[in-house]
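Have a look at entry05.cif; it's mmCIF, C-alpha atoms:
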data_coords
#
loop_
_atom_site.label_atom_id
_atom_site.label_comp_id
_atom_site.auth_asym_id
_atom_site.auth_seq_id
_atom_site.Cartn_x
_atom_site.Cartn_y
_atom_site.Cartn_z
CA MET A 22 -0.17 -9.93 10.65
CA PRO A 23 0.98 -8.22 7.41
CA ARG A 24 -1.53 -7.17 4.78
CA ALA A 25 -1.80 -9.35 1.67
CA GLU A 26 -0.16 -6.60 -0.40
CA GLU A 27 2.87 -6.72 1.91
CA VAL A 28 3.51 -10.45 1.48
CA LYS A 29 5.86 -10.99 -1.46
CA PRO A 30 7.50 -14.07 -2.99
CA TYR A 31 11.11 -12.95 -3.01
CA ASP A 32 12.17 -9.48 -1.84
CA ALA A 33 10.24 -7.50 0.77
CA HIS A 34 11.63 -4.23 -0.61
CA GLU A 35 10.61 -4.65 -4.24
CA GLU A 36 7.22 -4.08 -5.89
CA LYS A 37 4.87 -7.05 -5.51
CA GLY A 38 3.44 -7.14 -9.04
CA ALA A 39 6.80 -7.72 -10.71
CA GLN A 40 7.67 -10.44 -8.20
CA VAL A 41 4.35 -12.23 -8.71
CA GLU A 42 4.96 -12.17 -12.46
CA GLN A 43 8.46 -13.57 -11.97
CA MET A 44 7.19 -16.27 -9.61
CA PHE A 45 4.45 -17.53 -11.92
CA ASP A 46 6.78 -17.45 -14.92
CA SER A 47 9.11 -19.66 -12.87
CA ILE A 48 6.54 -22.24 -11.78
CA ALA A 49 4.33 -22.23 -14.91
CA PRO A 50 5.55 -25.64 -16.25
CA ALA A 51 4.76 -27.34 -12.90
CA TYR A 52 1.70 -25.28 -11.93
CA ASP A 53 -1.10 -27.61 -13.05
CA PHE A 54 0.60 -30.69 -11.59
CA MET A 55 1.18 -28.93 -8.26
CA ASN A 56 -2.36 -27.55 -8.14
CA ASN A 57 -3.76 -31.03 -8.60
CA ALA A 58 -1.37 -32.62 -6.13
CA MET A 59 -1.72 -29.98 -3.41
CA THR A 60 -5.53 -30.17 -3.43
CA PHE A 61 -5.77 -33.96 -4.01
CA GLY A 62 -7.88 -33.12 -7.06
CA LEU A 63 -10.45 -31.21 -5.01
CA HIS A 64 -9.80 -28.01 -6.97
CA ARG A 65 -12.03 -29.40 -9.73
CA TYR A 66 -14.93 -29.84 -7.31
CA TRP A 67 -14.39 -26.33 -5.92
CA ARG A 68 -14.28 -24.85 -9.43
CA ASN A 69 -17.38 -26.70 -10.58
CA ARG A 70 -19.34 -25.73 -7.48
CA ALA A 71 -18.38 -22.07 -7.86
CA LEU A 72 -19.33 -21.91 -11.52
CA ARG A 73 -22.68 -23.60 -10.85
CA MET A 74 -23.38 -20.91 -8.26
CA LEU A 75 -22.36 -18.22 -10.73
CA ASP A 76 -24.49 -19.73 -13.49
CA ALA A 77 -27.63 -19.23 -11.40
CA GLN A 78 -27.03 -15.46 -11.60
CA LEU A 79 -26.29 -15.13 -15.32
CA PRO A 80 -28.72 -13.62 -17.83
CA PRO A 81 -30.22 -15.58 -20.76
CA HIS A 82 -27.71 -16.20 -23.54
CA SER A 83 -27.45 -17.72 -27.00
CA PRO A 84 -25.04 -17.73 -29.96
CA SER A 85 -26.82 -14.62 -31.24
CA LYS A 86 -26.54 -12.94 -27.83
CA PRO A 87 -23.48 -14.50 -26.17
CA LEU A 88 -22.37 -13.90 -22.63
CA MET A 89 -19.28 -11.72 -22.21
CA LEU A 90 -17.10 -13.39 -19.59
CA LEU A 91 -13.75 -12.32 -18.10
CA ASP A 92 -11.41 -14.68 -16.23
CA VAL A 93 -9.00 -12.51 -14.24
CA ALA A 94 -5.62 -13.99 -13.20
CA CYS A 95 -6.52 -16.85 -15.54
CA GLY A 96 -3.15 -18.60 -15.27
CA THR A 97 -2.99 -21.71 -17.44
CA GLY A 98 -6.68 -21.36 -18.29
CA ASP A 99 -8.36 -23.96 -16.09
CA VAL A 100 -11.45 -21.83 -15.32
CA THR A 101 -11.38 -20.20 -18.77
CA PHE A 102 -11.64 -23.54 -20.54
CA HIS A 103 -14.31 -24.81 -18.17
CA LEU A 104 -16.41 -21.72 -18.87
CA GLN A 105 -16.15 -22.54 -22.57
CA ARG A 106 -17.22 -26.13 -21.93
CA LEU A 107 -20.25 -24.86 -20.00
CA TYR A 108 -21.46 -22.24 -22.49
CA GLY A 109 -19.91 -23.15 -25.85
CA SER A 110 -20.93 -20.73 -28.58
CA GLY A 111 -23.14 -18.94 -26.06
CA ALA A 112 -20.14 -17.09 -24.59
CA ARG A 113 -17.14 -14.98 -25.54
CA ILE A 114 -14.42 -15.41 -22.97
CA GLU A 115 -11.42 -13.21 -22.17
CA GLY A 116 -8.62 -14.52 -19.99
CA ILE A 117 -6.07 -12.08 -18.61
CA ASP A 118 -2.94 -12.71 -16.56
CA LEU A 119 0.23 -10.89 -15.57
CA SER A 120 2.46 -13.89 -16.29
CA GLY A 121 3.56 -14.56 -19.83
CA GLY A 122 4.80 -17.97 -18.74
CA MET A 123 1.39 -19.04 -17.48
CA LEU A 124 -0.30 -17.70 -20.61
CA ALA A 125 2.15 -19.61 -22.81
CA VAL A 126 0.85 -22.83 -21.24
CA ALA A 127 -2.77 -21.68 -21.68
CA ARG A 128 -2.20 -20.84 -25.35
CA GLN A 129 -0.53 -24.20 -25.98
CA ARG A 130 -3.60 -25.89 -24.53
CA LEU A 131 -5.88 -23.72 -26.68
CA GLU A 132 -3.98 -24.61 -29.86
CA ARG A 133 -4.84 -28.27 -29.34
CA MET A 134 -8.57 -27.56 -29.12
CA PRO A 135 -11.20 -27.42 -31.90
CA ARG A 136 -11.48 -24.27 -33.98
CA GLU A 137 -14.80 -23.23 -32.44
CA VAL A 138 -13.18 -23.24 -29.00
CA GLN A 139 -10.22 -21.20 -30.26
CA GLU A 140 -12.59 -18.63 -31.74
CA SER A 141 -14.45 -18.14 -28.45
CA ILE A 142 -11.42 -17.55 -26.17
CA THR A 143 -8.85 -14.75 -26.14
CA PHE A 144 -5.86 -14.68 -23.79
CA THR A 145 -4.23 -11.34 -22.95
CA GLU A 146 -1.13 -10.56 -20.94
CA GLY A 147 -1.92 -7.57 -18.77
CA ASP A 148 -2.13 -5.99 -15.34
CA CYS A 149 -5.27 -6.92 -13.41
CA LEU A 150 -5.08 -3.51 -11.71
CA ALA A 151 -5.41 -1.74 -15.08
CA LEU A 152 -7.74 -3.92 -17.13
CA PRO A 153 -7.60 -3.09 -20.87
CA TYR A 154 -11.38 -3.16 -21.30
CA ALA A 155 -14.10 -0.53 -21.53
CA ASP A 156 -16.50 0.20 -18.70
CA ASN A 157 -19.53 -2.08 -18.38
CA THR A 158 -18.20 -4.76 -20.77
CA PHE A 159 -18.73 -8.12 -19.03
CA ASP A 160 -21.73 -10.07 -17.76
CA ALA A 161 -19.56 -11.94 -15.27
CA ILE A 162 -16.00 -12.01 -13.95
CA THR A 163 -14.21 -14.95 -12.34
CA VAL A 164 -11.00 -14.98 -10.30
CA ALA A 165 -9.62 -18.30 -9.07
CA TYR A 166 -6.79 -18.16 -6.51
CA GLY A 167 -5.71 -14.77 -7.80
CA VAL A 168 -6.89 -11.90 -5.62
CA ARG A 169 -4.38 -12.59 -2.86
CA ASN A 170 -1.63 -11.93 -5.42
CA PHE A 171 -2.89 -8.45 -6.30
CA ALA A 172 -0.45 -5.70 -5.41
CA ASP A 173 -3.46 -3.58 -4.36
CA LEU A 174 -6.56 -5.58 -3.51
CA PRO A 175 -9.05 -2.67 -3.25
CA ALA A 176 -7.80 -1.33 -6.60
CA GLY A 177 -8.25 -4.77 -8.14
CA TYR A 178 -11.85 -4.96 -6.98
CA ALA A 179 -12.49 -1.41 -8.21
CA GLU A 180 -11.20 -2.34 -11.68
CA MET A 181 -13.37 -5.44 -11.86
CA HIS A 182 -16.38 -3.40 -10.75
CA ARG A 183 -15.63 -0.87 -13.50
CA VAL A 184 -15.62 -3.37 -16.37
CA LEU A 185 -18.61 -5.37 -15.11
CA ARG A 186 -22.02 -4.51 -16.52
CA PRO A 187 -24.75 -3.27 -14.15
CA GLY A 188 -26.40 -6.38 -12.76
CA GLY A 189 -23.32 -8.46 -13.60
CA SER A 190 -21.75 -10.96 -11.21
CA LEU A 191 -18.31 -11.46 -9.71
CA CYS A 192 -17.19 -14.93 -8.59
CA VAL A 193 -13.98 -15.28 -6.57
CA ILE A 194 -12.52 -18.62 -5.53
CA GLU A 195 -9.86 -18.18 -2.87
CA LEU A 196 -8.02 -20.26 -0.33
CA CYS A 197 -8.44 -19.50 3.36
CA GLU A 198 -7.43 -20.91 6.70
CA PRO A 199 -9.94 -23.31 8.31
CA SER A 200 -11.86 -21.78 11.21
CA GLY A 201 -11.83 -24.91 13.40
CA ALA A 202 -8.80 -25.21 15.68
CA LEU A 203 -7.98 -28.86 14.90
CA MET A 204 -8.40 -28.51 11.15
CA ARG A 205 -6.44 -25.26 11.17
CA ALA A 206 -3.53 -26.89 13.00
CA GLY A 207 -3.37 -29.72 10.47
CA TYR A 208 -3.68 -27.29 7.58
CA ARG A 209 -0.77 -25.18 8.86
CA ILE A 210 1.52 -28.18 9.18
CA TYR A 211 0.61 -29.29 5.65
CA SER A 212 0.81 -25.87 4.01
CA ARG A 213 3.88 -24.51 5.80
CA ARG A 214 6.07 -27.62 5.81
CA LEU A 215 5.01 -30.15 3.20
CA ILE A 216 3.95 -27.84 0.36
CA PRO A 217 7.24 -25.80 0.29
CA LEU A 218 9.23 -29.05 0.27
CA VAL A 219 7.26 -30.63 -2.57
CA GLY A 220 7.12 -27.31 -4.43
CA ARG A 221 10.89 -27.02 -4.35
CA LEU A 222 11.37 -30.58 -5.58
CA VAL A 223 8.83 -30.31 -8.42
CA SER A 224 9.20 -26.68 -9.55
CA GLY A 225 12.67 -25.82 -8.27
CA ASP A 226 11.27 -22.67 -6.64
CA ARG A 227 10.91 -23.11 -2.87
CA SER A 228 10.15 -19.41 -2.35
CA ALA A 229 7.00 -19.62 -4.49
CA TYR A 230 5.49 -22.36 -2.35
CA THR A 231 6.62 -20.72 0.88
CA TYR A 232 4.84 -17.57 -0.28
CA LEU A 233 1.63 -19.54 -0.88
CA PRO A 234 0.63 -20.19 2.77
CA GLN A 235 1.92 -16.77 3.81
CA SER A 236 -0.26 -15.04 1.22
CA ILE A 237 -3.31 -17.10 2.23
CA ALA A 238 -2.89 -16.21 5.91
CA ALA A 239 -2.51 -12.51 5.10
CA CYS A 240 -5.40 -12.29 2.63
CA PRO A 241 -8.77 -11.02 3.92
CA GLN A 242 -11.10 -13.95 4.52
CA ARG A 243 -14.84 -14.52 4.79
CA GLU A 244 -16.57 -11.37 6.16
CA ALA A 245 -13.42 -9.28 5.68
CA MET A 246 -13.34 -10.21 1.99
CA THR A 247 -17.01 -9.48 1.38
CA LYS A 248 -16.51 -6.09 3.06
CA LEU A 249 -13.77 -5.28 0.55
CA MET A 250 -16.18 -6.13 -2.26
CA THR A 251 -18.88 -3.93 -0.76
CA ASP A 252 -16.40 -1.09 -0.29
CA ALA A 253 -15.55 -1.34 -4.02
CA GLY A 254 -19.21 -0.82 -4.94
CA PHE A 255 -20.48 -4.39 -5.17
CA HIS A 256 -23.65 -5.48 -3.39
CA LYS A 257 -25.18 -8.78 -2.27
CA ALA A 258 -21.66 -9.99 -1.42
CA THR A 259 -21.75 -13.47 0.13
CA TYR A 260 -19.35 -16.33 0.81
CA THR A 261 -19.62 -20.10 1.03
CA THR A 262 -16.90 -22.20 2.66
CA LEU A 263 -16.28 -25.68 1.24
CA PHE A 264 -14.62 -28.82 2.62
CA PRO A 265 -12.11 -28.98 4.19
CA GLY A 266 -12.72 -25.39 5.32
CA ALA A 267 -9.72 -24.10 3.37
CA ILE A 268 -11.60 -22.75 0.35
CA ALA A 269 -14.19 -20.00 0.05
CA ILE A 270 -16.42 -18.99 -2.87
CA TYR A 271 -17.36 -15.31 -2.93
CA LEU A 272 -20.22 -13.97 -5.05
CA ALA A 273 -21.20 -10.34 -5.53
CA ARG A 274 -23.28 -8.23 -7.94
CA LYS A 275 -22.79 -4.83 -9.51
#

Take the structure from the file and write it as C-alpha coordinates.
Amino acid sequence: MPRAEEVKPYDAHEEKGAQVEQMFDSIAPAYDFMNNAMTFGLHRYWRNRALRMLDAQLPPHSPSKPLMLLDVACGTGDVTFHLQRLYGSGARIEGIDLSGGMLAVARQRLERMPREVQESITFTEGDCLALPYADNTFDAITVAYGVRNFADLPAGYAEMHRVLRPGGSLCVIELCEPSGALMRAGYRIYSRRLIPLVGRLVSGDRSAYTYLPQSIAACPQREAMTKLMTDAGFHKATYTTLFPGAIAIYLARK
(Lines of atoms letter the chains of each structure in order from A and count residues from 1; the text may use other names and numbers.)
(Lines give C-alpha, C1' and ligand atoms only; values in the text may rest on other atoms or scores of the structure.)
Protein backbone atom coordinates (compact mmCIF):
# COMPACT_ATOMS: atom_id res chain seq x y z
CA MET A 1 0.00 0.00 0.00
CA PRO A 2 1.53 3.37 -1.01
CA ARG A 3 1.73 6.23 1.46
CA ALA A 4 -0.81 9.06 1.06
CA GLU A 5 1.96 11.37 -0.14
CA GLU A 6 2.75 8.93 -2.96
CA VAL A 7 -0.80 8.85 -4.36
CA LYS A 8 -1.17 11.58 -6.98
CA PRO A 9 -3.99 12.62 -9.31
CA TYR A 10 -2.15 12.62 -12.62
CA ASP A 11 1.57 11.85 -12.87
CA ALA A 12 3.39 9.61 -10.40
CA HIS A 13 6.70 11.32 -11.20
CA GLU A 14 5.66 14.92 -10.55
CA GLU A 15 5.32 16.79 -7.24
CA LYS A 16 1.99 16.14 -5.51
CA GLY A 17 1.20 19.69 -4.39
CA ALA A 18 1.15 21.12 -7.91
CA GLN A 19 -1.03 18.25 -9.12
CA VAL A 20 -3.52 18.68 -6.28
CA GLU A 21 -3.76 22.37 -7.13
CA GLN A 22 -4.34 21.54 -10.80
CA MET A 23 -6.95 18.92 -9.92
CA PHE A 24 -9.02 21.18 -7.67
CA ASP A 25 -8.80 24.06 -10.15
CA SER A 26 -10.22 21.63 -12.72
CA ILE A 27 -13.14 20.35 -10.65
CA ALA A 28 -13.95 23.55 -8.71
CA PRO A 29 -17.16 24.38 -10.68
CA ALA A 30 -18.59 20.89 -10.01
CA TYR A 31 -17.12 20.33 -6.53
CA ASP A 32 -20.09 21.28 -4.35
CA PHE A 33 -22.56 19.36 -6.52
CA MET A 34 -20.35 16.26 -6.50
CA ASN A 35 -19.73 16.48 -2.76
CA ASN A 36 -23.45 16.56 -2.11
CA ALA A 37 -24.21 13.80 -4.59
CA MET A 38 -21.41 11.46 -3.52
CA THR A 39 -22.39 11.63 0.16
CA PHE A 40 -26.18 11.73 -0.41
CA GLY A 41 -26.16 14.96 1.60
CA LEU A 42 -24.61 13.29 4.65
CA HIS A 43 -21.59 15.62 4.51
CA ARG A 44 -23.72 18.28 6.21
CA TYR A 45 -24.47 15.96 9.13
CA TRP A 46 -20.79 15.00 9.41
CA ARG A 47 -19.74 18.66 9.34
CA ASN A 48 -22.30 19.72 11.92
CA ARG A 49 -21.42 16.86 14.25
CA ALA A 50 -17.71 17.66 14.02
CA LEU A 51 -18.17 21.35 14.72
CA ARG A 52 -20.42 20.63 17.70
CA MET A 53 -17.66 18.44 19.10
CA LEU A 54 -15.12 21.18 18.47
CA ASP A 55 -17.35 23.82 20.05
CA ALA A 56 -17.28 21.96 23.36
CA GLN A 57 -13.51 22.61 23.52
CA LEU A 58 -13.46 26.31 22.59
CA PRO A 59 -12.79 29.11 25.10
CA PRO A 60 -15.34 31.83 25.95
CA HIS A 61 -15.75 34.38 23.18
CA SER A 62 -17.57 37.61 22.36
CA PRO A 63 -17.42 40.42 19.79
CA SER A 64 -14.91 42.17 22.07
CA LYS A 65 -12.83 38.99 22.37
CA PRO A 66 -13.51 37.00 19.19
CA LEU A 67 -12.29 33.52 18.48
CA MET A 68 -9.49 33.24 15.94
CA LEU A 69 -10.35 30.32 13.66
CA LEU A 70 -8.45 28.82 10.71
CA ASP A 71 -10.04 26.57 8.08
CA VAL A 72 -7.20 24.75 6.30
CA ALA A 73 -7.81 23.37 2.79
CA CYS A 74 -11.05 25.37 2.92
CA GLY A 75 -12.02 24.72 -0.70
CA THR A 76 -15.25 26.47 -1.64
CA GLY A 77 -15.78 27.53 1.98
CA ASP A 78 -18.40 25.10 3.26
CA VAL A 79 -16.89 24.76 6.75
CA THR A 80 -15.68 28.37 6.76
CA PHE A 81 -19.19 29.72 6.22
CA HIS A 82 -20.70 27.33 8.74
CA LEU A 83 -18.22 28.52 11.37
CA GLN A 84 -19.38 32.07 10.68
CA ARG A 85 -23.02 31.03 11.06
CA LEU A 86 -22.20 29.42 14.41
CA TYR A 87 -20.19 32.28 15.93
CA GLY A 88 -21.14 35.42 14.00
CA SER A 89 -19.31 38.48 15.28
CA GLY A 90 -17.74 36.31 17.97
CA ALA A 91 -15.15 34.96 15.53
CA ARG A 92 -12.59 36.02 12.94
CA ILE A 93 -12.15 33.28 10.39
CA GLU A 94 -9.30 32.64 7.96
CA GLY A 95 -9.73 30.18 5.11
CA ILE A 96 -6.67 29.00 3.22
CA ASP A 97 -6.40 26.74 0.18
CA LEU A 98 -3.86 25.84 -2.48
CA SER A 99 -6.40 26.06 -5.31
CA GLY A 100 -7.22 29.44 -6.78
CA GLY A 101 -10.16 27.86 -8.60
CA MET A 102 -11.76 26.64 -5.39
CA LEU A 103 -11.17 29.99 -3.70
CA ALA A 104 -12.77 31.81 -6.63
CA VAL A 105 -15.99 29.91 -5.89
CA ALA A 106 -15.66 30.66 -2.16
CA ARG A 107 -15.16 34.38 -2.81
CA GLN A 108 -18.14 34.49 -5.16
CA ARG A 109 -20.26 32.99 -2.40
CA LEU A 110 -18.86 35.50 0.11
CA GLU A 111 -19.70 38.45 -2.16
CA ARG A 112 -23.38 37.51 -2.01
CA MET A 113 -23.44 37.56 1.79
CA PRO A 114 -24.17 40.46 4.19
CA ARG A 115 -21.41 42.93 4.94
CA GLU A 116 -20.91 41.70 8.50
CA VAL A 117 -20.19 38.20 7.17
CA GLN A 118 -17.74 39.57 4.60
CA GLU A 119 -15.91 41.48 7.32
CA SER A 120 -15.44 38.38 9.47
CA ILE A 121 -13.97 36.05 6.80
CA THR A 122 -10.71 36.25 4.85
CA PHE A 123 -9.76 33.79 2.11
CA THR A 124 -6.07 33.31 1.26
CA GLU A 125 -4.44 31.27 -1.48
CA GLY A 126 -1.45 29.54 0.06
CA ASP A 127 0.43 26.35 0.83
CA CYS A 128 -0.90 24.47 3.84
CA LEU A 129 2.64 23.21 4.46
CA ALA A 130 3.91 26.78 4.90
CA LEU A 131 1.07 28.65 6.59
CA PRO A 132 1.48 32.46 6.35
CA TYR A 133 0.58 33.05 10.00
CA ALA A 134 2.54 33.74 13.17
CA ASP A 135 3.08 31.14 15.86
CA ASN A 136 0.26 30.68 18.39
CA THR A 137 -2.34 32.64 16.38
CA PHE A 138 -5.51 30.52 16.35
CA ASP A 139 -7.89 29.15 18.98
CA ALA A 140 -8.96 26.35 16.67
CA ILE A 141 -8.13 24.86 13.27
CA THR A 142 -10.44 22.81 11.05
CA VAL A 143 -9.56 20.63 8.05
CA ALA A 144 -12.36 18.92 6.12
CA TYR A 145 -11.34 16.27 3.58
CA GLY A 146 -7.97 17.93 3.11
CA VAL A 147 -5.18 16.19 4.99
CA ARG A 148 -5.01 13.25 2.60
CA ASN A 149 -4.09 15.74 -0.14
CA PHE A 150 -1.07 17.11 1.73
CA ALA A 151 2.21 16.46 -0.04
CA ASP A 152 3.76 15.84 3.40
CA LEU A 153 1.27 14.88 6.09
CA PRO A 154 3.61 15.12 9.13
CA ALA A 155 4.79 18.55 7.93
CA GLY A 156 1.18 19.66 7.58
CA TYR A 157 0.37 18.66 11.14
CA ALA A 158 3.55 20.36 12.38
CA GLU A 159 2.52 23.62 10.68
CA MET A 160 -0.96 23.50 12.17
CA HIS A 161 0.52 22.80 15.60
CA ARG A 162 2.82 25.81 15.17
CA VAL A 163 0.05 28.34 14.45
CA LEU A 164 -2.36 26.98 17.07
CA ARG A 165 -2.40 28.65 20.47
CA PRO A 166 -1.49 26.59 23.56
CA GLY A 167 -4.70 24.89 24.65
CA GLY A 168 -6.17 25.32 21.16
CA SER A 169 -7.99 22.55 19.30
CA LEU A 170 -7.60 20.84 15.94
CA CYS A 171 -10.60 19.24 14.24
CA VAL A 172 -10.05 17.03 11.18
CA ILE A 173 -12.87 15.52 9.15
CA GLU A 174 -11.58 12.81 6.84
CA LEU A 175 -12.93 9.94 4.80
CA CYS A 176 -11.85 6.40 5.64
CA GLU A 177 -12.63 2.86 4.60
CA PRO A 178 -15.30 1.08 6.69
CA SER A 179 -13.88 -1.51 9.09
CA GLY A 180 -16.66 -4.08 8.59
CA ALA A 181 -16.06 -6.52 5.73
CA LEU A 182 -19.53 -6.25 4.14
CA MET A 183 -19.71 -2.46 4.35
CA ARG A 184 -16.13 -2.16 3.09
CA ALA A 185 -16.90 -4.33 0.05
CA GLY A 186 -19.91 -2.19 -0.85
CA TYR A 187 -17.94 1.00 -0.27
CA ARG A 188 -15.14 -0.14 -2.60
CA ILE A 189 -17.55 -0.94 -5.41
CA TYR A 190 -19.22 2.45 -5.01
CA SER A 191 -16.04 4.51 -4.63
CA ARG A 192 -13.88 2.76 -7.23
CA ARG A 193 -16.45 2.25 -9.99
CA LEU A 194 -19.42 4.56 -9.66
CA ILE A 195 -17.72 7.73 -8.36
CA PRO A 196 -15.07 7.90 -11.17
CA LEU A 197 -17.81 7.41 -13.77
CA VAL A 198 -20.08 10.11 -12.37
CA GLY A 199 -17.09 12.38 -11.69
CA ARG A 200 -16.02 12.17 -15.32
CA LEU A 201 -19.53 12.91 -16.59
CA VAL A 202 -20.12 15.88 -14.26
CA SER A 203 -16.65 17.44 -13.97
CA GLY A 204 -14.94 16.12 -17.10
CA ASP A 205 -11.99 14.97 -14.98
CA ARG A 206 -12.05 11.19 -14.44
CA SER A 207 -8.56 11.19 -12.92
CA ALA A 208 -9.66 13.43 -10.05
CA TYR A 209 -12.39 11.03 -8.96
CA THR A 210 -10.20 7.99 -9.50
CA TYR A 211 -7.64 9.62 -7.21
CA LEU A 212 -10.28 10.12 -4.51
CA PRO A 213 -10.71 6.47 -3.41
CA GLN A 214 -7.00 5.81 -3.90
CA SER A 215 -6.06 8.70 -1.61
CA ILE A 216 -8.58 7.58 1.02
CA ALA A 217 -7.21 4.03 1.06
CA ALA A 218 -3.63 5.29 1.37
CA CYS A 219 -4.30 7.89 4.06
CA PRO A 220 -3.62 6.94 7.70
CA GLN A 221 -6.88 6.08 9.43
CA ARG A 222 -8.18 5.92 12.99
CA GLU A 223 -5.32 5.05 15.41
CA ALA A 224 -2.69 5.64 12.72
CA MET A 225 -4.00 9.17 12.19
CA THR A 226 -4.13 10.04 15.88
CA LYS A 227 -0.54 8.78 16.19
CA LEU A 228 0.53 11.25 13.49
CA MET A 229 -1.12 14.03 15.47
CA THR A 230 0.63 12.96 18.65
CA ASP A 231 3.96 12.73 16.84
CA ALA A 232 3.46 16.36 15.69
CA GLY A 233 3.10 17.51 19.30
CA PHE A 234 -0.66 17.34 19.81
CA HIS A 235 -2.17 15.60 22.82
CA LYS A 236 -5.57 14.14 23.73
CA ALA A 237 -5.91 12.97 20.11
CA THR A 238 -9.13 11.00 19.61
CA TYR A 239 -11.33 9.85 16.75
CA THR A 240 -15.02 9.16 16.27
CA THR A 241 -16.31 7.15 13.31
CA LEU A 242 -19.73 8.08 11.91
CA PHE A 243 -22.27 6.24 9.75
CA PRO A 244 -21.72 4.54 7.38
CA GLY A 245 -18.24 3.91 8.78
CA ALA A 246 -16.58 5.86 5.97
CA ILE A 247 -16.02 9.12 7.86
CA ALA A 248 -13.91 9.89 10.92
CA ILE A 249 -13.73 13.01 13.08
CA TYR A 250 -10.36 13.58 14.74
CA LEU A 251 -9.89 15.99 17.64
CA ALA A 252 -6.63 16.98 19.29
CA ARG A 253 -5.29 19.73 21.57
CA LYS A 254 -2.06 21.70 21.66

Got a sec to resolve the PyMOL selection byres ((chain A and resi 250-265) around 8) on this structure and send the residues as a VMD selection string? chain A and resid 67 175 178 to 179 182 199 204 243 to 244 246 to 249 266 to 275

Å distance separating atom CA of Met134 of chain A from atom CA of Gly96 of chain A, one decimal place: 17.4 Å

Contacts of segment 81-86 of chain A at 8 Å or less, counting only C-alpha atoms, minus same-chain residues fewer than 5 places along, as a list in words? Ser110, Gly111 and Ala112 of chain A

Kindly resolve the PyMOL selection byres ((chain A and resi 29) around 12) on the present coordinates and return the residues as an mmCIF file with C-alpha atoms, in the coordinates of the input.
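Now in out-v1.cif:
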data_model
loop_
_atom_site.group_PDB
_atom_site.id
_atom_site.type_symbol
_atom_site.label_atom_id
_atom_site.label_comp_id
_atom_site.auth_asym_id
_atom_site.auth_seq_id
_atom_site.Cartn_x
_atom_site.Cartn_y
_atom_site.Cartn_z
ATOM 1 C CA PRO A 23 0.980 -8.220 7.410
ATOM 2 C CA ARG A 24 -1.530 -7.170 4.780
ATOM 3 C CA ALA A 25 -1.800 -9.350 1.670
ATOM 4 C CA GLU A 26 -0.160 -6.600 -0.400
ATOM 5 C CA GLU A 27 2.870 -6.720 1.910
ATOM 6 C CA VAL A 28 3.510 -10.450 1.480
ATOM 7 C CA PRO A 30 7.500 -14.070 -2.990
ATOM 8 C CA TYR A 31 11.110 -12.950 -3.010
ATOM 9 C CA ASP A 32 12.170 -9.480 -1.840
ATOM 10 C CA ALA A 33 10.240 -7.500 0.770
ATOM 11 C CA HIS A 34 11.630 -4.230 -0.610
ATOM 12 C CA GLU A 35 10.610 -4.650 -4.240
ATOM 13 C CA GLU A 36 7.220 -4.080 -5.890
ATOM 14 C CA LYS A 37 4.870 -7.050 -5.510
ATOM 15 C CA GLY A 38 3.440 -7.140 -9.040
ATOM 16 C CA ALA A 39 6.800 -7.720 -10.710
ATOM 17 C CA GLN A 40 7.670 -10.440 -8.200
ATOM 18 C CA VAL A 41 4.350 -12.230 -8.710
ATOM 19 C CA GLU A 42 4.960 -12.170 -12.460
ATOM 20 C CA GLN A 43 8.460 -13.570 -11.970
ATOM 21 C CA MET A 44 7.190 -16.270 -9.610
ATOM 22 C CA ARG A 169 -4.380 -12.590 -2.860
ATOM 23 C CA ASN A 170 -1.630 -11.930 -5.420
ATOM 24 C CA PHE A 171 -2.890 -8.450 -6.300
ATOM 25 C CA ALA A 172 -0.450 -5.700 -5.410
ATOM 26 C CA SER A 228 10.150 -19.410 -2.350
ATOM 27 C CA ALA A 229 7.000 -19.620 -4.490
ATOM 28 C CA TYR A 230 5.490 -22.360 -2.350
ATOM 29 C CA THR A 231 6.620 -20.720 0.880
ATOM 30 C CA TYR A 232 4.840 -17.570 -0.280
ATOM 31 C CA LEU A 233 1.630 -19.540 -0.880
ATOM 32 C CA PRO A 234 0.630 -20.190 2.770
ATOM 33 C CA GLN A 235 1.920 -16.770 3.810
ATOM 34 C CA SER A 236 -0.260 -15.040 1.220
ATOM 35 C CA ILE A 237 -3.310 -17.100 2.230
ATOM 36 C CA ALA A 239 -2.510 -12.510 5.100
#

Non-local contacts of Gly122 of chain A (9 Å; only C-alpha atoms; under 6 positions in same chain excluded) as a ChimeraX atom specification: /A:42-43,45-50,96-97

Could you state which residues are captured by the PyMOL selection byres ((chain A and resi 104) around 12) in this file, as a tab-separated table (two decimals) with C-alpha atoms, in the frame of the given file?
chain	number	residue	atom	x	y	z
A	68	ARG	CA	-14.28	-24.85	-9.43
A	69	ASN	CA	-17.38	-26.70	-10.58
A	71	ALA	CA	-18.38	-22.07	-7.86
A	72	LEU	CA	-19.33	-21.91	-11.52
A	73	ARG	CA	-22.68	-23.60	-10.85
A	75	LEU	CA	-22.36	-18.22	-10.73
A	76	ASP	CA	-24.49	-19.73	-13.49
A	88	LEU	CA	-22.37	-13.90	-22.63
A	89	MET	CA	-19.28	-11.72	-22.21
A	90	LEU	CA	-17.10	-13.39	-19.59
A	91	LEU	CA	-13.75	-12.32	-18.10
A	92	ASP	CA	-11.41	-14.68	-16.23
A	95	CYS	CA	-6.52	-16.85	-15.54
A	98	GLY	CA	-6.68	-21.36	-18.29
A	99	ASP	CA	-8.36	-23.96	-16.09
A	100	VAL	CA	-11.45	-21.83	-15.32
A	101	THR	CA	-11.38	-20.20	-18.77
A	102	PHE	CA	-11.64	-23.54	-20.54
A	103	HIS	CA	-14.31	-24.81	-18.17
A	105	GLN	CA	-16.15	-22.54	-22.57
A	106	ARG	CA	-17.22	-26.13	-21.93
A	107	LEU	CA	-20.25	-24.86	-20.00
A	108	TYR	CA	-21.46	-22.24	-22.49
A	109	GLY	CA	-19.91	-23.15	-25.85
A	110	SER	CA	-20.93	-20.73	-28.58
A	111	GLY	CA	-23.14	-18.94	-26.06
A	112	ALA	CA	-20.14	-17.09	-24.59
A	113	ARG	CA	-17.14	-14.98	-25.54
A	114	ILE	CA	-14.42	-15.41	-22.97
A	115	GLU	CA	-11.42	-13.21	-22.17
A	116	GLY	CA	-8.62	-14.52	-19.99
A	138	VAL	CA	-13.18	-23.24	-29.00
A	141	SER	CA	-14.45	-18.14	-28.45
A	142	ILE	CA	-11.42	-17.55	-26.17
A	161	ALA	CA	-19.56	-11.94	-15.27
A	162	ILE	CA	-16.00	-12.01	-13.95
A	163	THR	CA	-14.21	-14.95	-12.34

Might you pull out every residue within 8 Å of Val164 of chain A, with all atoms listed in the file counted and same-chain residues fewer than 3 positions away left off, and present them as a PyMOL selection string? chain A and resi 92-95+167-168+192-194

Please report the interatomic distance between atom CA of Ala176 of chain A and atom CA of Glu146 of chain A in Å with one decimal. 18.3 Å

Pairwise distance for atom CA of Val219 of chain A and atom CA of Leu196 of chain A, rounded to one decimal in Å: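 Spanning atom CA of Val219 of chain A to atom CA of Leu196 of chain A is a straight-line distance of 18.6 Å.
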
With only C-alpha atoms as the atoms that count, which of A:Tyr211, A:Tyr52, A:Phe61, A:Tyr154 lies nearest to Ala127 of chain A?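 Ranked by minimum distance to Ala127 of chain A, first place goes to A:Tyr52.
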
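With distances taken over all atoms listed in the file, A:Thr60 is the one residue among A:Phe144, A:Thr60, A:Met123, A:Asp160 lying closest to Ser212 of chain A.
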